[in-house]
$ cat upload_34.cif   # mmCIF, C-alpha atoms
data_input
loop_
_atom_site.label_atom_id
_atom_site.label_comp_id
_atom_site.auth_asym_id
_atom_site.auth_seq_id
_atom_site.Cartn_x
_atom_site.Cartn_y
_atom_site.Cartn_z
CA MET M 179 63.50 238.14 -64.09
CA THR M 180 60.96 235.47 -64.92
CA ALA M 181 61.11 232.33 -62.77
CA LEU M 182 61.54 229.03 -64.56
CA VAL M 183 58.49 226.81 -64.44
CA PRO M 184 59.16 223.05 -64.54
CA ALA M 185 57.76 221.39 -67.63
CA ARG M 186 54.66 219.33 -67.12
CA LEU M 187 54.87 215.58 -67.71
CA ARG M 188 52.22 214.50 -70.15
CA PRO M 189 50.72 211.02 -69.71
CA ARG M 190 52.75 209.78 -72.67
CA ASP M 191 55.92 211.11 -71.04
CA VAL M 192 55.07 209.41 -67.75
CA VAL M 193 54.63 206.06 -69.50
CA ARG M 194 57.87 206.50 -71.44
CA VAL M 195 59.90 207.45 -68.36
CA GLY M 196 58.37 204.63 -66.31
CA GLY M 197 59.00 202.12 -69.10
CA ALA M 198 62.63 203.19 -69.38
CA GLY M 199 63.18 202.36 -65.71
CA LEU M 200 61.73 198.87 -66.21
CA ARG M 201 63.75 198.15 -69.36
CA ALA M 202 66.93 198.79 -67.43
CA ARG M 203 66.32 195.73 -65.19
CA PRO M 204 64.51 193.15 -67.33
CA LEU M 205 65.22 190.04 -65.24
CA ARG M 206 64.11 191.66 -61.98
CA VAL M 207 61.01 193.03 -63.69
CA PHE M 208 60.18 189.61 -65.12
CA LEU M 209 60.45 187.85 -61.76
CA SER M 210 58.36 190.50 -60.00
CA ALA M 211 55.71 190.46 -62.73
CA LEU M 212 55.69 186.66 -62.62
CA GLY M 213 54.60 186.72 -58.97
CA ILE M 214 51.68 188.97 -59.85
CA ALA M 215 50.82 186.85 -62.90
CA ILE M 216 50.72 183.61 -60.91
CA GLY M 217 48.33 185.11 -58.37
CA ILE M 218 45.98 186.53 -61.00
CA ALA M 219 46.13 183.32 -63.09
CA ALA M 220 45.27 181.23 -60.04
CA MET M 221 42.28 183.38 -59.15
CA LEU M 222 41.06 183.70 -62.72
CA GLY M 223 41.51 179.98 -63.30
CA VAL M 224 39.34 179.14 -60.30
CA VAL M 225 36.61 181.53 -61.43
CA GLY M 226 36.84 180.40 -65.05
CA ILE M 227 36.79 176.68 -64.29
CA SER M 228 33.87 177.14 -61.90
CA ALA M 229 31.97 179.19 -64.51
CA SER M 230 32.74 176.60 -67.21
CA SER M 231 31.50 173.78 -64.98
CA GLN M 232 28.33 175.72 -64.18
CA GLU M 233 27.71 176.40 -67.87
CA ASP M 234 28.17 172.70 -68.65
CA LEU M 235 25.63 171.85 -65.94
CA ASN M 236 23.20 174.43 -67.31
CA ARG M 237 23.52 172.97 -70.80
CA GLN M 238 22.98 169.46 -69.47
CA LEU M 239 19.87 170.53 -67.61
CA ALA M 240 18.62 172.45 -70.64
CA ALA M 241 19.03 169.32 -72.77
CA LEU M 242 17.71 166.83 -70.20
CA GLY M 243 15.06 169.06 -68.66
CA THR M 244 14.55 170.09 -65.05
CA ASN M 245 10.95 168.83 -65.02
CA LEU M 246 11.72 165.18 -64.24
CA LEU M 247 10.39 163.88 -60.92
CA THR M 248 10.90 160.41 -59.46
CA VAL M 249 8.66 158.48 -57.10
CA SER M 250 9.91 155.49 -55.13
CA PRO M 251 8.71 153.48 -52.13
CA GLY M 252 10.03 154.48 -48.72
CA LYS M 253 9.82 152.75 -45.36
CA THR M 254 6.83 151.82 -43.24
CA LEU M 255 6.39 153.07 -39.68
CA PHE M 256 8.13 149.89 -38.52
CA GLY M 257 11.16 150.43 -40.77
CA GLU M 258 10.19 147.78 -43.29
CA SER M 259 10.36 148.28 -47.05
CA SER M 260 7.07 149.26 -48.63
CA HIS M 261 5.97 149.12 -52.25
CA LEU M 262 3.98 151.36 -54.52
CA PRO M 263 0.43 150.31 -55.43
CA ALA M 264 0.03 148.68 -58.82
CA GLU M 265 -2.19 151.61 -59.84
CA ALA M 266 0.44 154.25 -58.97
CA GLU M 267 1.54 154.86 -62.56
CA GLY M 268 -1.98 155.34 -63.80
CA MET M 269 -2.94 157.65 -60.96
CA ILE M 270 0.13 159.83 -61.48
CA GLY M 271 -0.68 160.03 -65.17
CA GLN M 272 -4.06 161.55 -64.25
CA ILE M 273 -2.42 164.66 -62.76
CA ALA M 274 -3.18 167.40 -65.30
CA PRO M 275 0.32 168.98 -65.64
CA VAL M 276 2.03 165.56 -65.91
CA THR M 277 3.03 164.98 -69.53
CA ALA M 278 4.69 161.55 -69.34
CA VAL M 279 4.96 158.65 -66.90
CA THR M 280 7.18 155.58 -67.04
CA ALA M 281 8.59 153.12 -64.52
CA THR M 282 11.18 150.51 -63.63
CA GLY M 283 10.96 147.59 -61.25
CA THR M 284 13.84 145.84 -59.51
CA THR M 285 13.95 142.05 -59.66
CA GLN M 286 15.85 139.57 -57.50
CA ALA M 287 17.73 138.16 -60.47
CA ARG M 288 21.49 138.52 -60.96
CA VAL M 289 23.52 138.98 -64.09
CA TYR M 290 27.00 137.64 -64.91
CA ARG M 291 29.34 137.68 -67.90
CA ASN M 292 28.86 133.92 -68.31
CA ASP M 293 27.59 130.90 -66.42
CA HIS M 294 31.01 130.15 -64.90
CA VAL M 295 31.28 133.29 -62.76
CA PRO M 296 30.80 132.61 -59.01
CA GLU M 297 27.41 133.69 -57.68
CA GLY M 298 28.88 136.25 -55.27
CA GLU M 299 30.67 138.20 -58.02
CA SER M 300 27.69 140.02 -59.49
CA GLY M 301 29.44 143.38 -59.68
CA SER M 302 26.55 145.11 -57.87
CA ILE M 303 24.52 145.13 -61.09
CA SER M 304 20.76 145.11 -60.65
CA VAL M 305 18.37 143.41 -63.04
CA THR M 306 15.54 145.87 -63.66
CA ALA M 307 12.27 145.59 -65.54
CA ALA M 308 11.62 148.62 -67.73
CA ARG M 309 8.75 150.16 -69.64
CA LEU M 310 9.28 150.73 -73.34
CA ASP M 311 9.14 154.52 -73.03
CA LEU M 312 11.77 154.64 -70.27
CA ILE M 313 14.71 156.19 -72.13
CA GLU M 314 12.69 159.07 -73.60
CA ASP M 315 11.01 159.98 -70.32
CA ALA M 316 14.02 159.44 -68.04
CA GLY M 317 16.45 161.40 -70.22
CA ALA M 318 18.60 158.38 -71.17
CA ALA M 319 20.05 157.51 -74.57
CA VAL M 320 21.38 154.42 -76.32
CA ALA M 321 25.13 154.49 -76.99
CA THR M 322 25.30 151.34 -79.07
CA GLY M 323 22.68 148.91 -80.34
CA THR M 324 18.98 149.55 -79.85
CA TRP M 325 16.44 149.99 -77.09
CA LEU M 326 13.83 147.36 -76.25
CA ASN M 327 10.81 147.30 -78.57
CA ALA M 328 7.42 145.66 -78.72
CA ALA M 329 9.02 142.38 -79.81
CA THR M 330 12.22 142.15 -77.76
CA HIS M 331 10.67 143.20 -74.45
CA ARG M 332 8.83 139.85 -74.35
CA TYR M 333 11.95 137.77 -75.00
CA PRO M 334 15.30 137.24 -73.23
CA ALA M 335 16.91 140.47 -74.37
CA THR M 336 18.59 143.12 -72.25
CA VAL M 337 19.96 146.63 -72.50
CA LEU M 338 22.90 147.34 -70.21
CA GLY M 339 23.61 150.60 -68.41
CA ALA M 340 26.96 152.26 -69.07
CA LYS M 341 28.66 151.04 -65.89
CA ALA M 342 26.98 147.64 -66.04
CA ALA M 343 28.36 147.07 -69.55
CA ASP M 344 31.82 148.10 -68.40
CA ARG M 345 31.74 145.72 -65.42
CA LEU M 346 30.53 142.86 -67.62
CA GLY M 347 33.14 143.58 -70.28
CA VAL M 348 30.56 144.31 -72.97
CA VAL M 349 31.75 146.93 -75.46
CA HIS M 350 29.25 146.57 -78.30
CA ALA M 351 25.74 145.21 -78.39
CA GLY M 352 24.69 142.62 -80.95
CA PRO M 353 23.19 139.17 -81.51
CA ASP M 354 26.51 137.55 -80.58
CA GLN M 355 26.69 139.30 -77.20
CA ARG M 356 25.04 137.36 -74.40
CA VAL M 357 25.08 137.52 -70.60
CA TRP M 358 24.00 134.99 -67.99
CA LEU M 359 20.94 136.63 -66.44
CA GLY M 360 18.60 135.00 -63.95
CA GLY M 361 20.01 131.55 -64.71
CA GLN M 362 19.56 131.82 -68.50
CA TRP M 363 21.15 133.49 -71.48
CA PHE M 364 19.97 136.98 -72.47
CA THR M 365 21.07 138.73 -75.64
CA VAL M 366 22.54 142.21 -75.20
CA VAL M 367 20.63 144.31 -77.73
CA GLY M 368 21.85 147.72 -76.52
CA VAL M 369 24.14 149.66 -74.20
CA LEU M 370 23.05 152.98 -72.70
CA ALA M 371 25.09 156.16 -72.48
CA PRO M 372 25.56 157.55 -68.95
CA ALA M 373 22.24 158.92 -67.64
CA PRO M 374 22.88 162.05 -65.51
CA LEU M 375 19.28 162.36 -64.30
CA ALA M 376 18.85 158.64 -63.63
CA PRO M 377 22.25 157.32 -62.45
CA GLU M 378 20.59 154.15 -61.14
CA LEU M 379 20.21 153.05 -64.76
CA ASP M 380 23.99 153.09 -65.23
CA THR M 381 24.40 149.99 -63.04
CA ALA M 382 21.35 148.11 -64.29
CA ALA M 383 20.63 145.37 -66.77
CA LEU M 384 17.26 146.41 -68.19
CA VAL M 385 14.79 143.82 -69.45
CA GLY M 386 11.20 144.01 -70.66
CA TRP M 387 8.39 144.08 -68.12
CA PRO M 388 6.62 140.97 -69.50
CA VAL M 389 9.75 138.78 -69.66
CA ALA M 390 10.69 139.84 -66.11
CA GLU M 391 7.33 138.66 -64.83
CA GLU M 392 7.37 135.42 -66.83
CA ARG M 393 11.00 134.32 -66.40
CA LEU M 394 12.57 136.22 -63.50
CA GLY M 395 9.90 136.03 -60.81
CA PHE M 396 9.23 139.79 -60.91
CA ASP M 397 6.21 140.74 -58.77
CA GLY M 398 5.13 143.55 -61.13
CA TYR M 399 5.40 146.40 -58.60
CA ALA M 400 7.24 149.51 -59.81
CA THR M 401 10.19 150.54 -57.66
CA THR M 402 10.82 153.85 -59.43
CA ILE M 403 8.29 155.93 -61.34
CA TYR M 404 9.57 158.74 -63.58
CA ALA M 405 7.15 161.59 -64.25
CA ARG M 406 7.61 164.60 -66.51
CA ALA M 407 5.58 167.69 -65.63
CA GLN M 408 5.08 171.03 -67.30
CA GLU M 409 7.92 173.35 -66.23
CA ALA M 410 5.60 175.91 -64.66
CA TYR M 411 3.95 173.31 -62.42
CA VAL M 412 6.87 171.16 -61.30
CA VAL M 413 6.76 172.36 -57.70
CA GLU M 414 3.01 171.90 -57.45
CA VAL M 415 3.16 168.41 -58.97
CA ARG M 416 5.97 167.44 -56.64
CA GLY M 417 3.81 168.42 -53.70
CA VAL M 418 0.97 166.03 -54.62
CA LEU M 419 2.92 163.10 -56.05
CA GLY M 420 3.24 161.23 -52.76
CA ALA M 421 -0.47 161.35 -51.98
CA THR M 422 -1.37 160.51 -55.58
CA ALA M 423 0.94 157.52 -55.87
CA ASN M 424 -0.15 156.01 -52.56
CA PRO M 425 -3.28 157.72 -51.18
CA GLU M 426 -3.52 155.36 -48.20
CA GLN M 427 0.09 155.75 -47.07
CA PRO M 428 1.57 158.93 -48.61
CA ASN M 429 4.23 159.02 -45.88
CA GLU M 430 5.69 155.81 -47.33
CA VAL M 431 6.52 157.48 -50.65
CA GLU M 432 9.74 159.29 -51.50
CA VAL M 433 9.63 162.00 -54.16
CA SER M 434 12.76 163.61 -55.61
CA ARG M 435 13.83 165.91 -58.41
CA PRO M 436 17.03 164.56 -60.02
CA SER M 437 18.08 167.96 -61.37
CA ASP M 438 18.29 169.18 -57.75
CA ALA M 439 20.90 166.50 -57.08
CA LEU M 440 23.00 167.72 -60.00
CA ALA M 441 22.74 171.30 -58.76
CA ALA M 442 23.69 170.19 -55.23
CA LYS M 443 26.74 168.40 -56.59
CA GLN M 444 27.77 171.62 -58.29
CA ALA M 445 27.32 173.55 -55.04
CA THR M 446 29.68 171.22 -53.16
CA ASP M 447 32.54 172.67 -55.21
CA ALA M 448 32.04 176.08 -53.54
CA THR M 449 34.24 175.23 -50.54
CA LEU M 450 37.11 174.06 -52.72
CA ASN M 451 36.75 177.13 -54.92
CA ALA M 452 36.96 179.38 -51.86
CA LEU M 453 40.15 177.63 -50.77
CA LEU M 454 41.72 177.99 -54.19
CA LEU M 455 40.73 181.66 -54.34
CA GLY M 456 42.41 182.14 -50.96
CA LEU M 457 45.60 180.54 -52.25
CA GLY M 458 45.43 182.78 -55.31
CA GLY M 459 45.06 185.79 -53.03
CA VAL M 460 48.16 184.75 -51.07
CA ALA M 461 50.10 184.39 -54.31
CA LEU M 462 48.88 187.83 -55.36
CA LEU M 463 50.01 189.30 -52.03
CA VAL M 464 53.44 187.70 -52.44
CA GLY M 465 53.62 189.22 -55.91
CA GLY M 466 52.76 192.63 -54.46
CA VAL M 467 55.57 192.29 -51.92
CA GLY M 468 57.89 191.45 -54.81
CA VAL M 469 56.86 194.62 -56.62
CA ALA M 470 57.45 196.71 -53.48
CA ASN M 471 60.87 195.12 -52.98
CA THR M 472 61.81 195.78 -56.60
CA MET M 473 60.79 199.43 -56.35
CA VAL M 474 62.59 200.04 -53.04
CA ILE M 475 65.82 198.58 -54.41
CA SER M 476 65.33 200.58 -57.59
CA VAL M 477 65.15 203.82 -55.57
CA LEU M 478 68.35 202.95 -53.70
CA GLU M 479 70.21 202.05 -56.88
CA ARG M 480 69.10 205.13 -58.78
CA ARG M 481 69.84 207.85 -56.27
CA ALA M 482 72.29 209.46 -58.69
CA GLU M 483 69.61 209.56 -61.40
CA ILE M 484 67.14 211.08 -58.93
CA GLY M 485 69.66 213.71 -57.85
CA LEU M 486 70.50 214.58 -61.44
CA ARG M 487 66.85 214.95 -62.41
CA ARG M 488 66.14 217.10 -59.36
CA SER M 489 69.13 219.32 -60.13
CA LEU M 490 67.86 219.74 -63.69
CA GLY M 491 64.53 221.02 -62.44
CA ALA M 492 62.34 217.97 -61.86
CA THR M 493 59.91 218.51 -59.01
CA ARG M 494 59.22 216.16 -56.14
CA GLY M 495 55.85 215.44 -57.67
CA GLN M 496 57.40 214.43 -61.00
CA ILE M 497 59.83 212.08 -59.27
CA ARG M 498 56.97 210.61 -57.30
CA VAL M 499 54.90 210.13 -60.45
CA GLN M 500 57.83 208.51 -62.26
CA PHE M 501 58.35 205.76 -59.67
CA LEU M 502 54.64 205.27 -59.14
CA ALA M 503 54.25 204.85 -62.90
CA GLU M 504 57.00 202.21 -62.90
CA SER M 505 55.21 200.30 -60.16
CA LEU M 506 51.87 200.48 -61.97
CA LEU M 507 53.42 199.40 -65.28
CA LEU M 508 55.17 196.51 -63.58
CA SER M 509 51.91 195.37 -61.97
CA ALA M 510 49.97 195.86 -65.21
CA ILE M 511 52.43 193.63 -67.07
CA GLY M 512 51.95 190.94 -64.43
CA GLY M 513 48.18 191.43 -64.43
CA VAL M 514 47.76 191.14 -68.19
CA GLY M 515 50.09 188.15 -68.26
CA GLY M 516 48.11 186.55 -65.43
CA VAL M 517 44.82 187.10 -67.23
CA LEU M 518 46.17 185.48 -70.39
CA LEU M 519 47.61 182.59 -68.37
CA GLY M 520 44.32 182.15 -66.49
CA ILE M 521 42.37 182.08 -69.75
CA GLY M 522 44.77 179.47 -71.11
CA VAL M 523 44.46 177.30 -67.99
CA THR M 524 40.66 177.54 -68.08
CA ALA M 525 40.48 176.71 -71.78
CA ALA M 526 42.84 173.73 -71.40
CA TYR M 527 41.01 172.26 -68.41
CA ALA M 528 37.58 172.86 -69.89
CA GLY M 529 38.70 171.23 -73.13
CA LEU M 530 39.91 168.12 -71.27
CA GLN M 531 36.57 167.88 -69.45
CA GLY M 532 34.52 168.54 -72.56
CA TRP M 533 33.08 171.73 -71.08
CA PRO M 534 32.49 175.06 -72.80
CA ALA M 535 35.31 177.43 -71.82
CA ILE M 536 33.81 180.41 -69.96
CA VAL M 537 35.86 183.22 -68.41
CA PRO M 538 33.65 186.03 -67.07
CA VAL M 539 34.54 189.50 -68.31
CA TRP M 540 34.18 190.87 -64.78
CA ALA M 541 36.85 188.43 -63.59
CA MET M 542 39.32 189.53 -66.29
CA ALA M 543 38.67 193.23 -65.65
CA GLY M 544 38.79 192.66 -61.90
CA GLY M 545 42.13 190.87 -62.21
CA VAL M 546 43.75 193.77 -64.02
CA LEU M 547 42.23 196.34 -61.64
CA ALA M 548 43.43 194.29 -58.65
CA THR M 549 46.99 194.31 -59.95
CA LEU M 550 46.87 198.07 -60.53
CA ALA M 551 45.64 198.56 -56.97
CA ILE M 552 48.44 196.36 -55.67
CA GLY M 553 50.93 198.20 -57.83
CA GLY M 554 49.75 201.54 -56.49
CA VAL M 555 50.04 200.40 -52.87
CA ALA M 556 53.38 198.65 -53.42
CA GLY M 557 54.88 201.63 -55.24
CA PHE M 558 53.59 204.39 -52.99
CA TYR M 559 56.29 204.27 -50.32
CA PRO M 560 59.25 203.92 -52.76
CA ALA M 561 57.83 206.80 -54.82
CA VAL M 562 57.48 209.03 -51.76
CA ARG M 563 60.96 208.08 -50.59
CA ALA M 564 62.47 208.94 -53.95
CA ALA M 565 60.64 212.28 -54.04
CA ARG M 566 61.97 213.27 -50.60
CA MET M 567 65.62 213.00 -51.64
CA SER M 568 67.32 216.34 -52.06
CA PRO M 569 69.55 216.74 -55.16
CA THR M 570 72.74 217.23 -53.11
CA GLU M 571 72.04 214.27 -50.86
CA ALA M 572 71.28 211.98 -53.79
CA LEU M 573 74.37 213.03 -55.76
CA ALA M 574 76.64 212.87 -52.71
CA THR M 575 75.90 209.16 -52.17
CA GLN M 576 77.62 208.21 -55.43
#

$ encode --input "upload_34.cif" --output "C-alpha cells"
Amino acid sequence: MTALVPARLRPRDVVRVGGAGLRARPLRVFLSALGIAIGIAAMLGVVGISASSQEDLNRQLAALGTNLLTVSPGKTLFGESSHLPAEAEGMIGQIAPVTAVTATGTTQARVYRNDHVPEGESGSISVTAARLDLIEDAGAAVATGTWLNAATHRYPATVLGAKAADRLGVVHAGPDQRVWLGGQWFTVVGVLAPAPLAPELDTAALVGWPVAEERLGFDGYATTIYARAQEAYVVEVRGVLGATANPEQPNEVEVSRPSDALAAKQATDATLNALLLGLGGVALLVGGVGVANTMVISVLERRAEIGLRRSLGATRGQIRVQFLAESLLLSAIGGVGGVLLGIGVTAAYAGLQGWPAIVPVWAMAGGVLATLAIGGVAGFYPAVRAARMSPTEALATQ
C-alpha cells in the first residue's frame, strides 16, 4: 500500500493561506500594521528630510560657489582691534588664482526709519560702505530696486540688506523711500535678498564708498574683503591670504570660507537626526511586539483550525510556514504603508521649506527589509508553537 505524501505548498498557496488568516481579523491586523508603519515612517522621514536638506544645501553651494573667501582684521597682541592695510585689496588681487576681489567697510554712522526715532533704537543695523562689484562677488542679489551704480554711489543713496529692510519697515525700494542715515536723508534705491554666504550684509545699510568717506566720516579702511579663487586652488589661496593682505602682521588677519559655515550648520543637525532615528527605532520595536502579540493570540484562537488541518494531513512544517507567512505579510503591509507615509511626510515638509524632496532608495528598501526581519522574528515563536500542537490536543480544546 502506497503511503500518502502531503501536498507541497507552492509560494502562491502560502501567500493565499497567510492572507486568509489576516482577512479574518482586519481591525487587529490594521492596528498591528499601524505600529510598524509609524516606526518605518518616522525613520524614513528623518532620513528623507535630512537628505532633502543636504540636497538643498548642495544646490545653494553650487549656485553661490564654494570658492568665496573672506578676509577681515583680527586683534593685535594686546587685544586691540586692528585694521587691514589700504593696499590689502590690490595685493590680494595680485594672487594668480584669485579671479575677483571686492570689499566693504563699516562706518560709525547709524540708520533709522526717520529723524524722530530715539538714537538708541538703531535695530543693530550697521552702515557699511560697499564697492560697486560687491553683490556679484559676494553672491548676493537684489530683491527689489537696483544696486548702486557709478552715479548713485557718490550720492546719498543706500541699498538695505534683507533683515535691515524688515527692521526699518521698508518693503519696496524707490525714490519715495528714504531713511535717516548718519544725520541726513538717504534714498533707498534697492533691497537685497538674503545672502547665505555673506549674512553680515543682511543687517547692513550699504552705501557707496565715496559718499561714506565724504559724508559719514568713513576712514576708507576695508573691514571685510571678499575674494573669489579658482576652485582647484581655494585651499592654497586661503593659506596665503593672511600674509598677502597684511605682510607685516599676518597674525592679525582672519581668513574664513563662508561655505564651510553653511556645511557646519548642516552638520549640527546630525545629533537631532540620531535622536529621531532612535525614536523611530523604538516605535518600530513596539510595532514588532504588536505583531508578535497578534500572532500569539491568533495561534490560541485558531487551535481548532490547526487541529483540523493537521488531521487532514498538513505537516508541522506547513503549519509553521502558514503562521510565519501571516507574520511576514502583516509586517510587509506595515512596512509598505510606512514607506508611503514617510515619503508623504518628507515631500510635505520639503515643500514647506522650499527644498527638493529626496528620499534615498536605500532607505525605502531598507525600511521594507527591516519590517520583514521584524516580522520573521516576531512570528517565529507563534509559528513554532502552532506547529507543535498535535491534532487531538488542538481539537480537544474546543

$ closest_residue --input "upload_34.cif" --among "M:Val279, M:Ala371, M:Ala287, M:Ala342" --to "Trp325 of chain M" --atoms "only C-alpha atoms"
M:Ala371

$ closest_residue --input "upload_34.cif" --among "M:Ala308, M:Ala510, M:Val537, M:Lys253" --to "Val523 of chain M" --atoms "all atoms listed in the file"
M:Val537

$ residues_around --input "upload_34.cif" --residues "segment 227-243 of chain M" --least-positions-apart "4" --cutoff "6 Å" --atoms "all atoms listed in the file" --output "ChimeraX atom specification"
/M:223,317,524,533-536

$ closest_residue --input "upload_34.cif" --among "M:Glu504, M:Glu265, M:Asp438, M:Glu299" --to "Leu550 of chain M" --atoms "only C-alpha atoms"
M:Glu504

$ resolve_selection --input "upload_34.cif" --expression "the PyMOL selection byres ((chain M and resi 466) around 9)" --output "MDAnalysis selection string"
chainID M and resid 210 213:214 461:465 467:471 509 549 552:553 555:556

$ closest_residue --input "upload_34.cif" --among "M:Leu502, M:Val517, M:Ala564, M:Leu508" --to "Pro204 of chain M" --atoms "all atoms listed in the file"
M:Leu508

$ closest_residue --input "upload_34.cif" --among "M:Val225, M:Val415, M:Thr280, M:Gly522" --to "Val539 of chain M" --atoms "only C-alpha atoms"
M:Val225

$ residues_around --input "upload_34.cif" --residues "Arg566 of chain M" --least-positions-apart "3" --cutoff "7 Å" --atoms "only C-alpha atoms" --output "PyMOL selection string"
chain M and resi 494+562-563

$ write_last_selection --input "upload_34.cif" --atoms "C-alpha atoms" --output "PDB file, keeping the file's coordinate frame"
ATOM      1  CA  ARG M 494      59.220 216.160 -56.140  1.00  0.00           C
ATOM      2  CA  VAL M 562      57.480 209.030 -51.760  1.00  0.00           C
ATOM      3  CA  ARG M 563      60.960 208.080 -50.590  1.00  0.00           C
TER       4      ARG M 563
END

$ axis_aligned_box --input "upload_34.cif" --around "segment 373-392 of chain M" --padding-each-side "3 Å" --output "lines of an AutoDock Vina configuration file"
center_x = 15.5
center_y = 148.9
center_z = -65.9
size_x = 23.8
size_y = 32.9
size_z = 15.5

$ resolve_selection --input "upload_34.cif" --expression "the PyMOL selection byres ((chain M and resi 330-341) around 6)" --output "list in words"
Leu326, Asn327, Ala328, Ala329, Ala342, Ala343, Asp344, Phe364, Thr365, Val366, Val367, Gly368, Val369, Leu370, Ala371, Pro372, Leu379, Asp380, Thr381, Ala382, Ala383, Leu384, Val385, Gly386, Pro388 and Val389 of chain M

$ write_last_selection --input "upload_34.cif" --atoms "C-alpha atoms" --output "tab-separated table (two decimals), in the coordinates of the input"
chain	number	residue	atom	x	y	z
M	326	LEU	CA	13.83	147.36	-76.25
M	327	ASN	CA	10.81	147.30	-78.57
M	328	ALA	CA	7.42	145.66	-78.72
M	329	ALA	CA	9.02	142.38	-79.81
M	342	ALA	CA	26.98	147.64	-66.04
M	343	ALA	CA	28.36	147.07	-69.55
M	344	ASP	CA	31.82	148.10	-68.40
M	364	PHE	CA	19.97	136.98	-72.47
M	365	THR	CA	21.07	138.73	-75.64
M	366	VAL	CA	22.54	142.21	-75.20
M	367	VAL	CA	20.63	144.31	-77.73
M	368	GLY	CA	21.85	147.72	-76.52
M	369	VAL	CA	24.14	149.66	-74.20
M	370	LEU	CA	23.05	152.98	-72.70
M	371	ALA	CA	25.09	156.16	-72.48
M	372	PRO	CA	25.56	157.55	-68.95
M	379	LEU	CA	20.21	153.05	-64.76
M	380	ASP	CA	23.99	153.09	-65.23
M	381	THR	CA	24.40	149.99	-63.04
M	382	ALA	CA	21.35	148.11	-64.29
M	383	ALA	CA	20.63	145.37	-66.77
M	384	LEU	CA	17.26	146.41	-68.19
M	385	VAL	CA	14.79	143.82	-69.45
M	386	GLY	CA	11.20	144.01	-70.66
M	388	PRO	CA	6.62	140.97	-69.50
M	389	VAL	CA	9.75	138.78	-69.66

$ closest_residue --input "upload_34.cif" --among "M:Ile403, M:Ala211, M:Ile216, M:Leu507" --to "Gly420 of chain M" --atoms "only C-alpha atoms"
M:Ile403

$ atom_distance --input "upload_34.cif" --atom1 "atom CA of Val412 of chain M" --atom2 "atom CA of Gln427 of chain M"
22.0 Å

$ residues_near_point --input "upload_34.cif" --point "(9.5, 170.6, -67.2)" --cutoff "7 Å" --atoms "only C-alpha atoms" --output "ChimeraX atom specification"
/M:243-246,406-409,412
